[in-house]
Each structure stands twice: as C-alpha cells, then as structure tokens.
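S.K.: What follows is data.tsv, TSV, C-alpha atoms.
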chain	number	residue	atom	x	y	z
A	1113	MET	CA	54.42	37.42	15.04
A	1114	LYS	CA	53.60	33.75	15.70
A	1115	LEU	CA	50.60	34.78	17.76
A	1116	LEU	CA	49.36	36.99	14.94
A	1117	LEU	CA	49.68	34.17	12.40
A	1118	THR	CA	47.78	31.80	14.70
A	1119	LEU	CA	44.92	34.27	15.07
A	1120	LEU	CA	44.78	34.81	11.31
A	1121	LEU	CA	44.63	31.08	10.66
A	1122	PHE	CA	41.89	30.63	13.29
A	1123	CYS	CA	39.78	33.34	11.65
A	1124	THR	CA	40.39	32.02	8.14
A	1125	PHE	CA	39.59	28.37	8.93
A	1126	PRO	CA	36.67	28.16	11.41
A	1127	VAL	CA	36.56	25.17	13.72
A	1128	MET	CA	34.07	22.55	12.41
A	1129	ALA	CA	31.35	21.35	14.78
A	1130	PRO	CA	31.68	17.67	15.61
A	1131	ALA	CA	29.42	15.41	13.51
A	1132	GLN	CA	26.31	14.20	15.30
A	1133	GLU	CA	26.37	10.58	16.36
A	1134	VAL	CA	24.26	8.19	14.29
A	1135	VAL	CA	21.43	6.71	16.35
A	1136	GLN	CA	20.77	3.08	15.47
A	1137	LEU	CA	17.52	1.41	16.50
A	1138	SER	CA	16.36	-2.17	16.03
A	1139	TYR	CA	12.84	-2.97	14.82
A	1140	ALA	CA	11.42	-6.47	15.38
A	1141	SER	CA	8.39	-8.05	13.68
A	1142	PRO	CA	6.98	-11.60	13.65
A	1143	TYR	CA	6.15	-11.26	9.94
A	1144	SER	CA	8.37	-11.87	6.93
A	1145	SER	CA	9.73	-8.90	5.02
A	1146	HIS	CA	7.22	-9.57	2.21
A	1147	HIS	CA	4.08	-9.38	4.35
A	1148	PRO	CA	1.85	-6.29	3.80
A	1149	PHE	CA	2.47	-5.20	7.40
A	1150	SER	CA	6.19	-5.37	6.75
A	1151	ARG	CA	5.89	-3.35	3.54
A	1152	ALA	CA	4.19	-0.65	5.61
A	1153	ASP	CA	6.98	-0.96	8.18
A	1154	GLN	CA	9.53	-0.45	5.41
A	1155	ASP	CA	7.69	2.67	4.23
A	1156	TRP	CA	8.03	4.03	7.76
A	1157	ILE	CA	11.71	3.06	7.94
A	1158	ASP	CA	12.36	4.88	4.65
A	1159	PHE	CA	10.57	7.98	5.96
A	1160	VAL	CA	12.33	8.30	9.31
A	1161	GLU	CA	15.75	7.55	7.83
A	1162	ALA	CA	15.20	10.17	5.12
A	1163	GLU	CA	14.05	12.69	7.71
A	1164	GLY	CA	17.11	11.93	9.79
A	1165	GLN	CA	19.49	12.66	6.88
A	1166	GLY	CA	21.97	10.11	8.16
A	1167	ARG	CA	21.26	10.78	11.83
A	1168	LEU	CA	18.94	7.77	12.30
A	1169	LYS	CA	19.27	4.17	11.11
A	1170	ILE	CA	16.73	1.37	11.62
A	1171	ARG	CA	17.83	-2.28	11.61
A	1172	ALA	CA	14.83	-4.49	10.82
A	1173	ILE	CA	14.63	-8.03	12.20
A	1174	TRP	CA	11.84	-9.97	10.47
A	1175	SER	CA	10.08	-13.32	10.92
A	1176	GLY	CA	9.78	-13.48	14.69
A	1177	ALA	CA	13.46	-13.81	15.44
A	1178	LEU	CA	13.33	-11.50	18.45
A	1179	LEU	CA	9.84	-10.78	19.86
A	1180	SER	CA	7.02	-13.19	20.76
A	1181	SER	CA	3.32	-12.61	20.02
A	1182	ASP	CA	2.00	-12.81	23.59
A	1183	GLN	CA	4.91	-11.20	25.46
A	1184	SER	CA	5.98	-8.49	23.01
A	1185	MET	CA	4.83	-5.59	25.23
A	1186	THR	CA	6.81	-6.89	28.20
A	1187	GLU	CA	9.82	-7.69	26.02
A	1188	LEU	CA	9.92	-4.14	24.65
A	1189	ARG	CA	9.66	-2.68	28.14
A	1190	HIS	CA	12.77	-4.71	29.01
A	1191	GLY	CA	14.65	-3.67	25.86
A	1192	VAL	CA	14.71	-6.97	23.97
A	1193	ALA	CA	14.31	-4.76	20.88
A	1194	ASP	CA	14.20	-0.98	20.57
A	1195	ILE	CA	10.98	-0.88	18.53
A	1196	GLY	CA	8.60	-3.70	17.77
A	1197	LEU	CA	5.25	-4.93	16.57
A	1198	ILE	CA	2.99	-5.44	19.58
A	1199	THR	CA	-0.27	-7.37	19.88
A	1200	PRO	CA	-2.15	-6.39	23.06
A	1201	ILE	CA	-4.98	-8.70	21.97
A	1202	TYR	CA	-2.71	-11.68	22.74
A	1203	ALA	CA	-1.13	-10.30	25.92
A	1204	LYS	CA	-1.21	-12.73	28.85
A	1205	GLY	CA	-2.14	-10.02	31.32
A	1206	GLY	CA	-2.25	-6.30	31.99
A	1207	ALA	CA	-4.07	-5.36	28.78
A	1208	HIS	CA	-7.68	-6.08	29.76
A	1209	LEU	CA	-9.29	-3.00	28.21
A	1210	LEU	CA	-6.98	-2.97	25.19
A	1211	ARG	CA	-8.18	-6.47	24.35
A	1212	ARG	CA	-11.88	-5.96	24.97
A	1213	GLN	CA	-12.22	-2.54	23.37
A	1214	THR	CA	-11.60	-4.13	19.99
A	1215	GLY	CA	-15.19	-5.39	20.24
A	1216	PHE	CA	-16.65	-1.86	20.49
A	1217	TYR	CA	-16.37	-0.99	16.77
A	1218	SER	CA	-19.63	-2.30	15.34
A	1219	GLY	CA	-20.71	-0.11	12.40
A	1220	ILE	CA	-17.18	1.11	11.59
A	1221	LYS	CA	-16.06	0.03	8.13
A	1222	THR	CA	-12.84	1.95	7.30
A	1223	VAL	CA	-9.40	1.81	8.86
A	1224	GLU	CA	-9.32	5.58	9.27
A	1225	ASN	CA	-12.54	5.53	11.31
A	1226	GLN	CA	-11.28	2.59	13.36
A	1227	LEU	CA	-8.28	4.72	14.36
A	1228	ALA	CA	-10.50	7.74	15.03
A	1229	LEU	CA	-12.65	5.72	17.44
A	1230	TYR	CA	-9.60	4.25	19.18
A	1231	TYR	CA	-8.08	7.68	19.75
A	1232	CYS	CA	-11.45	8.96	20.97
A	1233	MET	CA	-11.69	6.24	23.60
A	1234	ALA	CA	-8.03	6.53	24.61
A	1235	ALA	CA	-8.39	10.29	25.08
A	1236	HIS	CA	-11.24	9.83	27.56
A	1237	SER	CA	-10.10	6.82	29.58
A	1238	GLU	CA	-6.86	6.84	31.53
A	1239	GLN	CA	-6.95	3.03	31.55
A	1240	PHE	CA	-5.46	2.95	28.04
A	1241	ALA	CA	-2.37	4.81	29.23
A	1242	LEU	CA	-2.13	2.64	32.35
A	1243	GLU	CA	-2.08	-0.55	30.29
A	1244	LEU	CA	0.51	0.98	27.96
A	1245	ASP	CA	2.73	2.16	30.80
A	1246	GLY	CA	6.39	1.74	29.92
A	1247	LEU	CA	5.72	1.97	26.18
A	1248	LYS	CA	5.79	4.78	23.65
A	1249	VAL	CA	3.18	3.98	20.98
A	1250	LEU	CA	4.44	4.70	17.46
A	1251	ALA	CA	1.41	3.50	15.47
A	1252	VAL	CA	-2.18	2.37	15.98
A	1253	GLN	CA	-3.42	-0.19	13.46
A	1254	GLY	CA	-6.86	-1.09	12.16
A	1255	GLY	CA	-7.68	-3.64	9.49
A	1256	ASN	CA	-9.96	-5.08	6.88
A	1257	LEU	CA	-13.30	-6.49	7.98
A	1258	PRO	CA	-12.87	-10.26	8.27
A	1259	GLY	CA	-15.13	-13.13	7.30
A	1260	ILE	CA	-14.82	-16.82	8.13
A	1261	VAL	CA	-12.36	-18.96	6.16
A	1262	THR	CA	-12.90	-22.72	6.40
A	1263	ARG	CA	-11.00	-25.85	5.43
A	1264	ASP	CA	-13.57	-28.41	4.28
A	1265	ALA	CA	-17.03	-27.36	5.42
A	1266	ALA	CA	-18.68	-24.62	3.37
A	1267	VAL	CA	-20.47	-22.15	5.66
A	1268	GLN	CA	-23.54	-20.61	4.07
A	1269	SER	CA	-25.47	-19.53	7.16
A	1270	LEU	CA	-24.88	-18.94	10.85
A	1271	ALA	CA	-26.36	-22.37	11.54
A	1272	ASP	CA	-23.48	-23.97	9.62
A	1273	LEU	CA	-21.00	-22.71	12.23
A	1274	ARG	CA	-22.25	-25.22	14.78
A	1275	GLY	CA	-19.53	-27.62	15.89
A	1276	LEU	CA	-16.72	-25.98	13.89
A	1277	ARG	CA	-13.42	-25.32	15.67
A	1278	ILE	CA	-12.54	-21.77	14.62
A	1279	ARG	CA	-9.66	-19.51	15.57
A	1280	ALA	CA	-11.06	-16.09	16.48
A	1281	PRO	CA	-9.98	-12.87	18.22
A	1282	THR	CA	-10.75	-12.62	21.92
A	1283	GLU	CA	-13.79	-10.37	21.60
A	1284	LEU	CA	-15.45	-12.83	19.20
A	1285	LEU	CA	-15.10	-16.00	21.30
A	1286	PRO	CA	-18.40	-15.69	23.22
A	1287	VAL	CA	-20.27	-14.68	20.04
A	1288	LEU	CA	-19.17	-17.83	18.22
A	1289	GLN	CA	-19.88	-19.94	21.29
A	1290	GLU	CA	-23.43	-18.61	21.34
A	1291	LEU	CA	-23.75	-19.60	17.67
A	1292	GLY	CA	-22.66	-23.15	18.50
A	1293	ALA	CA	-19.08	-23.01	17.21
A	1294	ASP	CA	-16.00	-24.14	19.17
A	1295	PRO	CA	-13.82	-20.99	19.06
A	1296	VAL	CA	-10.18	-20.86	20.15
A	1297	SER	CA	-7.67	-18.06	20.54
A	1298	MET	CA	-4.16	-18.40	19.16
A	1299	PRO	CA	-1.59	-16.14	17.46
A	1300	MET	CA	-2.22	-15.80	13.73
A	1301	GLY	CA	1.27	-17.09	13.01
A	1302	GLU	CA	0.24	-20.54	14.29
A	1303	VAL	CA	-2.99	-20.80	12.29
A	1304	TYR	CA	-1.60	-22.11	8.99
A	1305	SER	CA	-0.12	-25.24	10.54
A	1306	ALA	CA	-3.23	-25.80	12.69
A	1307	LEU	CA	-5.42	-25.64	9.56
A	1308	ALA	CA	-3.06	-27.92	7.64
A	1309	LYS	CA	-3.16	-30.55	10.41
A	1310	GLY	CA	-6.92	-30.33	10.84
A	1311	VAL	CA	-6.61	-28.95	14.37
A	1312	LEU	CA	-8.75	-26.05	13.18
A	1313	ASP	CA	-11.77	-26.15	10.86
A	1314	GLY	CA	-11.54	-22.47	10.11
A	1315	VAL	CA	-10.34	-19.01	11.08
A	1316	VAL	CA	-11.85	-15.55	11.34
A	1317	ALA	CA	-9.73	-13.61	8.87
A	1318	PRO	CA	-9.94	-11.07	6.06
A	1319	ALA	CA	-9.38	-11.97	2.42
A	1320	ASP	CA	-5.87	-10.52	2.40
A	1321	THR	CA	-4.73	-13.68	4.24
A	1322	PHE	CA	-5.45	-15.76	1.13
A	1323	ARG	CA	-2.14	-14.58	-0.23
A	1324	SER	CA	-0.22	-12.97	2.63
A	1325	LEU	CA	-0.56	-16.03	4.90
A	1326	HIS	CA	-1.05	-18.61	2.11
A	1327	PHE	CA	-4.46	-19.68	3.43
A	1328	THR	CA	-5.61	-20.83	-0.02
A	1329	GLU	CA	-3.20	-23.75	0.43
A	1330	VAL	CA	-5.08	-25.07	3.47
A	1331	THR	CA	-8.66	-23.72	3.07
A	1332	LYS	CA	-11.36	-23.81	0.39
A	1333	HIS	CA	-14.23	-21.59	1.51
A	1334	PHE	CA	-14.91	-17.98	2.54
A	1335	PHE	CA	-18.13	-16.93	4.29
A	1336	THR	CA	-18.64	-13.18	3.84
A	1337	LEU	CA	-20.04	-12.56	7.30
A	1338	GLU	CA	-19.29	-8.89	8.04
A	1339	ILE	CA	-17.40	-8.96	11.33
A	1340	PRO	CA	-16.41	-5.64	12.94
A	1341	ARG	CA	-12.71	-4.98	13.30
A	1342	GLY	CA	-11.15	-2.88	16.05
A	1343	ALA	CA	-7.98	-0.83	16.22
A	1344	TYR	CA	-5.20	-1.23	18.76
A	1345	PRO	CA	-1.64	-0.01	19.42
A	1346	ALA	CA	0.51	-2.10	17.11
A	1347	ARG	CA	3.98	-0.53	16.98
A	1348	ALA	CA	5.80	0.68	20.06
A	1349	MET	CA	9.09	1.42	21.74
A	1350	GLY	CA	10.15	0.82	25.31
A	1351	MET	CA	9.82	4.09	27.23
A	1352	ARG	CA	13.25	3.79	28.79
A	1353	ARG	CA	14.79	3.61	25.33
A	1354	TRP	CA	12.60	6.49	24.17
A	1355	ASP	CA	13.71	8.67	27.08
A	1356	SER	CA	17.34	8.00	26.18
A	1357	LEU	CA	16.96	9.40	22.66
A	1358	PRO	CA	18.04	12.92	21.69
A	1359	ALA	CA	15.19	15.40	21.20
A	1360	ASP	CA	15.70	15.64	17.43
A	1361	VAL	CA	15.38	11.87	17.02
A	1362	GLN	CA	12.24	11.85	19.19
A	1363	ASP	CA	10.82	14.55	16.92
A	1364	ILE	CA	11.49	12.44	13.81
A	1365	LEU	CA	9.77	9.42	15.36
A	1366	ASN	CA	6.78	11.51	16.47
A	1367	ARG	CA	6.38	12.82	12.93
A	1368	GLY	CA	6.56	9.24	11.73
A	1369	VAL	CA	3.43	8.16	13.64
A	1370	PRO	CA	0.83	9.35	11.06
A	1371	VAL	CA	3.12	8.18	8.26
A	1372	TRP	CA	3.25	4.65	9.72
A	1373	GLU	CA	-0.50	4.56	10.32
A	1374	ALA	CA	-1.26	5.74	6.77
A	1375	ALA	CA	1.15	3.16	5.32
A	1376	LEU	CA	-0.52	0.37	7.31
A	1377	ALA	CA	-3.97	1.48	6.10
A	1378	ARG	CA	-2.81	1.66	2.48
A	1379	GLN	CA	-1.04	-1.69	2.50
A	1380	THR	CA	-4.01	-3.31	4.26
A	1381	ARG	CA	-6.47	-2.13	1.61
A	1382	GLU	CA	-4.22	-3.14	-1.26
A	1383	ALA	CA	-3.67	-6.57	0.30
A	1384	GLN	CA	-7.42	-7.08	0.63
A	1385	GLN	CA	-8.04	-6.50	-3.06
A	1386	THR	CA	-5.03	-8.57	-4.07
A	1387	GLY	CA	-6.16	-11.34	-1.73
A	1388	LEU	CA	-9.67	-11.45	-3.16
A	1389	GLU	CA	-8.34	-11.68	-6.71
A	1390	PHE	CA	-5.85	-14.36	-5.67
A	1391	GLY	CA	-8.56	-16.34	-3.90
A	1392	VAL	CA	-10.70	-16.38	-7.04
A	1393	GLU	CA	-7.71	-17.54	-9.09
A	1394	GLN	CA	-7.02	-20.35	-6.61
A	1395	GLY	CA	-10.60	-21.59	-6.66
A	1396	MET	CA	-11.80	-20.36	-3.26
A	1397	GLN	CA	-15.58	-20.70	-2.90
A	1398	PHE	CA	-17.42	-17.60	-1.64
A	1399	SER	CA	-20.73	-17.70	0.25
A	1400	ALA	CA	-22.68	-14.50	0.98
A	1401	ILE	CA	-24.52	-14.03	4.26
A	1402	SER	CA	-28.24	-13.20	4.27
A	1403	SER	CA	-29.38	-9.85	5.68
A	1404	GLN	CA	-31.31	-11.70	8.41
A	1405	ASP	CA	-28.24	-13.61	9.54
A	1406	GLN	CA	-26.10	-10.46	9.46
A	1407	GLN	CA	-28.63	-8.62	11.62
A	1408	LYS	CA	-28.75	-11.54	14.07
A	1409	PHE	CA	-24.96	-11.62	14.27
A	1410	ASP	CA	-24.75	-7.84	14.84
A	1411	GLU	CA	-27.25	-8.04	17.71
A	1412	ILE	CA	-25.35	-10.87	19.43
A	1413	TYR	CA	-22.02	-9.10	18.81
A	1414	LEU	CA	-23.11	-5.84	20.45
A	1415	HIS	CA	-24.77	-7.62	23.36
A	1416	ASP	CA	-21.61	-9.60	24.11
A	1417	ALA	CA	-19.43	-6.51	23.66
A	1418	ARG	CA	-21.47	-4.76	26.35
A	1419	GLU	CA	-21.23	-7.79	28.65
A	1420	ASN	CA	-17.47	-7.90	28.13
A	1421	ALA	CA	-17.23	-4.20	28.90
A	1422	ILE	CA	-19.24	-4.57	32.11
A	1423	GLY	CA	-17.11	-7.57	33.07
A	1424	LEU	CA	-14.04	-5.36	33.27
A	1425	ALA	CA	-15.35	-4.11	36.61
A	1426	ALA	CA	-13.78	-7.25	38.09
A	1427	PHE	CA	-10.39	-5.63	37.33
A	1428	GLY	CA	-11.43	-2.23	38.65
A	1429	ILE	CA	-12.00	-0.87	35.14
A	1430	ASP	CA	-15.11	1.07	34.10
A	1431	GLY	CA	-15.36	-0.65	30.74
A	1432	ASP	CA	-19.02	0.16	30.33
A	1433	ALA	CA	-18.27	3.89	30.27
A	1434	VAL	CA	-15.80	3.31	27.43
A	1435	PHE	CA	-18.32	1.12	25.59
A	1436	GLN	CA	-21.05	3.75	25.92
A	1437	LEU	CA	-18.65	6.44	24.68
A	1438	ALA	CA	-17.79	4.29	21.66
A	1439	ARG	CA	-21.42	3.59	20.78
A	1440	ALA	CA	-22.35	7.27	21.16
A	1441	SER	CA	-19.45	8.25	18.90
A	1442	VAL	CA	-20.27	6.00	15.92
A	1443	THR	CA	-22.46	7.84	13.41
A	1444	PRO	CA	-25.16	6.13	11.32
A	1445	ASP	CA	-22.96	6.27	8.22
A	1446	GLY	CA	-20.07	4.51	9.97
A	1447	GLY	CA	-18.12	7.64	10.78
A	1448	VAL	CA	-16.88	8.87	14.14
A	1449	ASN	CA	-17.97	11.99	16.03
A	1450	CYS	CA	-16.23	11.61	19.40
A	1451	ALA	CA	-18.98	12.06	21.96
A	1452	GLY	CA	-16.44	12.85	24.66
A	1453	SER	CA	-15.46	16.00	22.78
A	1454	ASN	CA	-18.86	17.49	23.52
A	1455	SER	CA	-18.87	16.79	27.23
Could I get this file's structure written as structure tokens?

M.R.:
Amino acid sequence: MKLLLTLLLFCTFPVMAPAQEVVQLSYASPYSSHHPFSRADQDWIDFVEAEGQGRLKIRAIWSGALLSSDQSMTELRHGVADIGLITPIYAKGGAHLLRRQTGFYSGIKTVENQLALYYCMAAHSEQFALELDGLKVLAVQGGNLPGIVTRDAAVQSLADLRGLRIRAPTELLPVLQELGADPVSMPMGEVYSALAKGVLDGVVAPADTFRSLHFTEVTKHFFTLEIPRGAYPARAMGMRRWDSLPADVQDILNRGVPVWEAALARQTREAQQTGLEFGVEQGMQFSAISSQDQQKFDEIYLHDARENAIGLAAFGIDGDAVFQLARASVTPDGGVNCAGSNS
C-alpha cells in the first residue's frame, strides 16, 4: 500500500527541473555612464538581459576603473574583465593591421558603410583574426567624421595647421606632418587635460566631443576639414571566458552583436547633432574648408594610407592587398560593394 501511495504522489506532483544558474559577466569601459558610447552599451545590456530572462546579468564598471586604453586587449585575454571596450588603435603591439586599416576608408561617410568595409576586409584577410586571437569580438564601431578642434588659433586653411601640436589618430600622423603640423598620439581620455594645460593646440575630433568630452571648456574653434573615419573592433570578450559560457548564453551574446553595433551608430549620430548645437550655444567658431584644400588633403591622405599599407610588409603582412581591396570596394557614392565577393 505504501508503495502504491508513493507512486501516486510521484505521478501527481512531477519533479521540477533545477533552475538554471544565473551567469554574471562584468563589462568595463573607460567612459562615464553618461557618455554616448556608454548609453549604447546600456542599450546592449538591456537587450541581452531581457533575452536571457533572468539567465544573464551584466555588471557595468564605468570610468576606466578596470581596463586601460592601450592594454585593454591583453587585459581581456587575461580575464581582468569578462567583456570590455577595446581600442586596437592604441595597442602597444600586435595590432599592426587593425591600426593602419582605419586609414583605408576615404570616401565612406556613414557608420553603416564603415562597418560594411571593415567586415569586407576582415573576411578576406586572415591577419585580422590573427591580431584578434584570444578575443571574441562583440561589436565593431565606426564614428562621425571628425574635423580639427583648436584652443586659441583659428584654422581656416591647411596652411594654418603649420606648427600646431595636434592630437590625432595613428593613421593621420604622417598626413599632418606633411602639412607642417606637430601631431601626437594619445588616448582621447587624456586630451582634455592636455588642452587645458596648453600641451596641445588642438585635437582631431568630431563635434560630438563638444559636449560628451566637454571640449568647449578648453577650445574655441572648429575647422570642418572632412577627415575619413575607420571602423575597428571596439567591444570584446576574452576567448577563454567565452568558451566557458553555456551555449544558450553564447547565443544571446551573438544575437546582441548587431544590436550593439546599431546602438553605437544611433548614439553616435545623435551625439553629433547634439554636439553641434551645444557648440553653437557655447560660442564655438566654425571655419569651413575650401574645396581645393579638401581635395589636397584627400590626395595626401590616400597616398599616405597606401604607404602605411605597404609598410606592413616589415611585419610580414600584405597590407597593400587589403588596401587595394578596400579601395576597389568603395563605390563613387560612398557605399560599399565588397570586391572580394566577386573574386
């Protein structure tokens, strides 16, 4: 009789499956929680947590408390954080093509097309994967086309750049040198104080920095030189941590890649418009570039981009093949038709 009662109870009250363990991941960024990049990060966090339905939690650590700008890729590989904002353009070593390919985007004007060209190049050169070894990329990021923001000296032509100490991305250093400027490379997080102290005369930056990085407090002028902007892997996870995740969590994060990229594009565009309006309110002076100067700049830019690409041969990298693929893939209207897809 007891056995019969036990069987009846077992059939009446099925055994509940054990609840799945909550996976908690840290996310580290050098920016404050109010920065446009961080608002995009929060959009991604909201998405993956909602998709996880309690299975996945992201703990955000803002304002550079965990990862550095120039060692973030290495730090993620070693598990300093689970997920983080990476900047290959500042990496001390091991990211030669990732840095220089950002100079291959001349003619591209939208974030979406920047990403399309990046993915085109990455699909046809194994060097991208080699330099990202040990990392799972969770988002590629483009950006607004920058101009030149200056402290005291108003720049109204390329000739006015002569002698100015300007912070610029790596691919732009030789271009500015050829124009007579004194360019330097440094993480963007250090630029405000360098401008305030007079260490820098200016910075290559888009208008969104007027507000997001408070540049109107330390600069007065904006030269609307149209400088190409490249895309690069900007959010990643250490591969060892990725491999340790359950398959369902990996699936959520994979589905979050286009969501994160779209959020970054949206926040970037909104910040640009907000920054321009804020700059006008704060009395920033705007100087437009002449068509002749823009054409001269574009010619120098592309010439130096090719030289930089060829120079990668010193590291055993066929950078010129990637450069030629990029140039063949950019359409006259600024779109992307990946030339490698037709080969």

S.K.: Of the residues A:Ser1144, A:Ser1180, A:Thr1214, A:Asn1225, which is the one nearest to A:Thr1282, using only C-alpha atoms?

M.R.: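 The closest residue to A:Thr1282 is A:Thr1214.
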
S.K.: With distances taken over only C-alpha atoms, which residue among A:Tyr1344, A:Phe1216, A:Trp1354, A:Tyr1304 lies nearest A:Asp1416?

M.R.: A:Phe1216

S.K.: Could you pull the residues within 12 Å of stretch 1400-1413 of chain A, counting all atoms listed in the file, minus those fewer than 3 positions along the same chain, as a PyMOL selection string?

M.R.: chain A and resi 1214-1219+1259-1260+1266-1273+1283-1291+1333-1341+1397+1416-1420

S.K.: Provide the atom CA of A:Asp1313 to atom CA of A:Ala1265 distance in Å, to one decimal place.

M.R.: 7.7 Å

S.K.: Could you check how far atom CA of A:Ala1440 sits from atom CA of A:Ser1297, in Å to one decimal?

M.R.: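 Atom CA of A:Ser1297 lies at a distance of 29.3 Å from atom CA of A:Ala1440.
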
S.K.: What does the distance from atom CA of A:Phe1240 to atom CA of A:Trp1372 come to in Å, to one decimal?

M.R.: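 Atom-to-atom, atom CA of A:Phe1240 to atom CA of A:Trp1372, that is 20.4 Å.
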
S.K.: Can you pull out the residues contacting stretch 1385-1393 of chain A? Cut-off 7 Å, using only C-alpha atoms, and skip same-chain residues under 6 positions away; I want them as an MDAnalysis selection string.

M.R.: chainID A and resid 1319:1323 1328

S.K.: Hey, can you spit out that residue selection with C-alpha atoms as a compact mmCIF listing (two decimals), in the coordinates of the input?

M.R.:
# COMPACT_ATOMS: atom_id res chain seq x y z
CA ALA A 1319 -9.38 -11.97 2.42
CA ASP A 1320 -5.87 -10.52 2.40
CA THR A 1321 -4.73 -13.68 4.24
CA PHE A 1322 -5.45 -15.76 1.13
CA ARG A 1323 -2.14 -14.58 -0.23
CA THR A 1328 -5.61 -20.83 -0.02

S.K.: May I ask you to restore N, CA and C atoms in stretch 1378-1401 of chain A and write the result as a PDB file, keeping the file's coordinate frame?

M.R.:
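Below you can see selection36.pdb, which holds the result:
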ATOM      1  N   ARG A1378      -2.937   1.829   3.941  1.00  0.00           N
ATOM      2  CA  ARG A1378      -2.810   1.660   2.480  1.00  0.00           C
ATOM      3  C   ARG A1378      -2.442   0.223   2.124  1.00  0.00           C
ATOM      4  N   GLN A1379      -1.478  -0.324   2.796  1.00  0.00           N
ATOM      5  CA  GLN A1379      -1.040  -1.690   2.500  1.00  0.00           C
ATOM      6  C   GLN A1379      -2.149  -2.698   2.828  1.00  0.00           C
ATOM      7  N   THR A1380      -2.921  -2.421   3.881  1.00  0.00           N
ATOM      8  CA  THR A1380      -4.010  -3.310   4.260  1.00  0.00           C
ATOM      9  C   THR A1380      -5.089  -3.345   3.175  1.00  0.00           C
ATOM     10  N   ARG A1381      -5.450  -2.182   2.663  1.00  0.00           N
ATOM     11  CA  ARG A1381      -6.470  -2.130   1.610  1.00  0.00           C
ATOM     12  C   ARG A1381      -5.992  -2.813   0.330  1.00  0.00           C
ATOM     13  N   GLU A1382      -4.757  -2.532  -0.043  1.00  0.00           N
ATOM     14  CA  GLU A1382      -4.220  -3.140  -1.260  1.00  0.00           C
ATOM     15  C   GLU A1382      -4.145  -4.656  -1.116  1.00  0.00           C
ATOM     16  N   ALA A1383      -3.776  -5.122   0.068  1.00  0.00           N
ATOM     17  CA  ALA A1383      -3.670  -6.570   0.300  1.00  0.00           C
ATOM     18  C   ALA A1383      -5.038  -7.229   0.236  1.00  0.00           C
ATOM     19  N   GLN A1384      -6.072  -6.526   0.686  1.00  0.00           N
ATOM     20  CA  GLN A1384      -7.420  -7.080   0.630  1.00  0.00           C
ATOM     21  C   GLN A1384      -7.854  -7.329  -0.803  1.00  0.00           C
ATOM     22  N   GLN A1385      -7.643  -6.349  -1.664  1.00  0.00           N
ATOM     23  CA  GLN A1385      -8.040  -6.500  -3.060  1.00  0.00           C
ATOM     24  C   GLN A1385      -7.206  -7.576  -3.748  1.00  0.00           C
ATOM     25  N   THR A1386      -5.906  -7.555  -3.493  1.00  0.00           N
ATOM     26  CA  THR A1386      -5.030  -8.570  -4.070  1.00  0.00           C
ATOM     27  C   THR A1386      -5.422  -9.963  -3.591  1.00  0.00           C
ATOM     28  N   GLY A1387      -5.772 -10.056  -2.291  1.00  0.00           N
ATOM     29  CA  GLY A1387      -6.160 -11.340  -1.730  1.00  0.00           C
ATOM     30  C   GLY A1387      -7.430 -11.886  -2.336  1.00  0.00           C
ATOM     31  N   LEU A1388      -8.414 -11.019  -2.536  1.00  0.00           N
ATOM     32  CA  LEU A1388      -9.670 -11.450  -3.160  1.00  0.00           C
ATOM     33  C   LEU A1388      -9.429 -11.989  -4.560  1.00  0.00           C
ATOM     34  N   GLU A1389      -8.643 -11.253  -5.338  1.00  0.00           N
ATOM     35  CA  GLU A1389      -8.340 -11.680  -6.710  1.00  0.00           C
ATOM     36  C   GLU A1389      -7.577 -13.006  -6.708  1.00  0.00           C
ATOM     37  N   PHE A1390      -6.631 -13.132  -5.776  1.00  0.00           N
ATOM     38  CA  PHE A1390      -5.850 -14.360  -5.670  1.00  0.00           C
ATOM     39  C   PHE A1390      -6.728 -15.536  -5.267  1.00  0.00           C
ATOM     40  N   GLY A1391      -7.661 -15.278  -4.340  1.00  0.00           N
ATOM     41  CA  GLY A1391      -8.560 -16.340  -3.900  1.00  0.00           C
ATOM     42  C   GLY A1391      -9.418 -16.868  -5.032  1.00  0.00           C
ATOM     43  N   VAL A1392      -9.917 -15.968  -5.871  1.00  0.00           N
ATOM     44  CA  VAL A1392     -10.700 -16.380  -7.040  1.00  0.00           C
ATOM     45  C   VAL A1392      -9.849 -17.235  -7.970  1.00  0.00           C
ATOM     46  N   GLU A1393      -8.614 -16.794  -8.214  1.00  0.00           N
ATOM     47  CA  GLU A1393      -7.710 -17.540  -9.090  1.00  0.00           C
ATOM     48  C   GLU A1393      -7.436 -18.944  -8.556  1.00  0.00           C
ATOM     49  N   GLN A1394      -7.356 -19.064  -7.234  1.00  0.00           N
ATOM     50  CA  GLN A1394      -7.020 -20.350  -6.610  1.00  0.00           C
ATOM     51  C   GLN A1394      -8.247 -21.229  -6.361  1.00  0.00           C
ATOM     52  N   GLY A1395      -9.408 -20.762  -6.771  1.00  0.00           N
ATOM     53  CA  GLY A1395     -10.600 -21.590  -6.660  1.00  0.00           C
ATOM     54  C   GLY A1395     -11.315 -21.537  -5.324  1.00  0.00           C
ATOM     55  N   MET A1396     -11.068 -20.504  -4.512  1.00  0.00           N
ATOM     56  CA  MET A1396     -11.800 -20.360  -3.260  1.00  0.00           C
ATOM     57  C   MET A1396     -13.289 -20.186  -3.564  1.00  0.00           C
ATOM     58  N   GLN A1397     -14.134 -20.806  -2.751  1.00  0.00           N
ATOM     59  CA  GLN A1397     -15.580 -20.700  -2.900  1.00  0.00           C
ATOM     60  C   GLN A1397     -16.122 -19.650  -1.931  1.00  0.00           C
ATOM     61  N   PHE A1398     -16.908 -18.708  -2.447  1.00  0.00           N
ATOM     62  CA  PHE A1398     -17.420 -17.600  -1.640  1.00  0.00           C
ATOM     63  C   PHE A1398     -18.911 -17.785  -1.387  1.00  0.00           C
ATOM     64  N   SER A1399     -19.325 -17.612  -0.126  1.00  0.00           N
ATOM     65  CA  SER A1399     -20.730 -17.700   0.250  1.00  0.00           C
ATOM     66  C   SER A1399     -21.137 -16.390   0.915  1.00  0.00           C
ATOM     67  N   ALA A1400     -22.204 -15.778   0.428  1.00  0.00           N
ATOM     68  CA  ALA A1400     -22.680 -14.500   0.980  1.00  0.00           C
ATOM     69  C   ALA A1400     -23.648 -14.761   2.131  1.00  0.00           C
ATOM     70  N   ILE A1401     -23.621 -13.905   3.123  1.00  0.00           N
ATOM     71  CA  ILE A1401     -24.520 -14.030   4.260  1.00  0.00           C
ATOM     72  C   ILE A1401     -25.839 -13.318   3.944  1.00  0.00           C
TER      73      ILE A1401
END
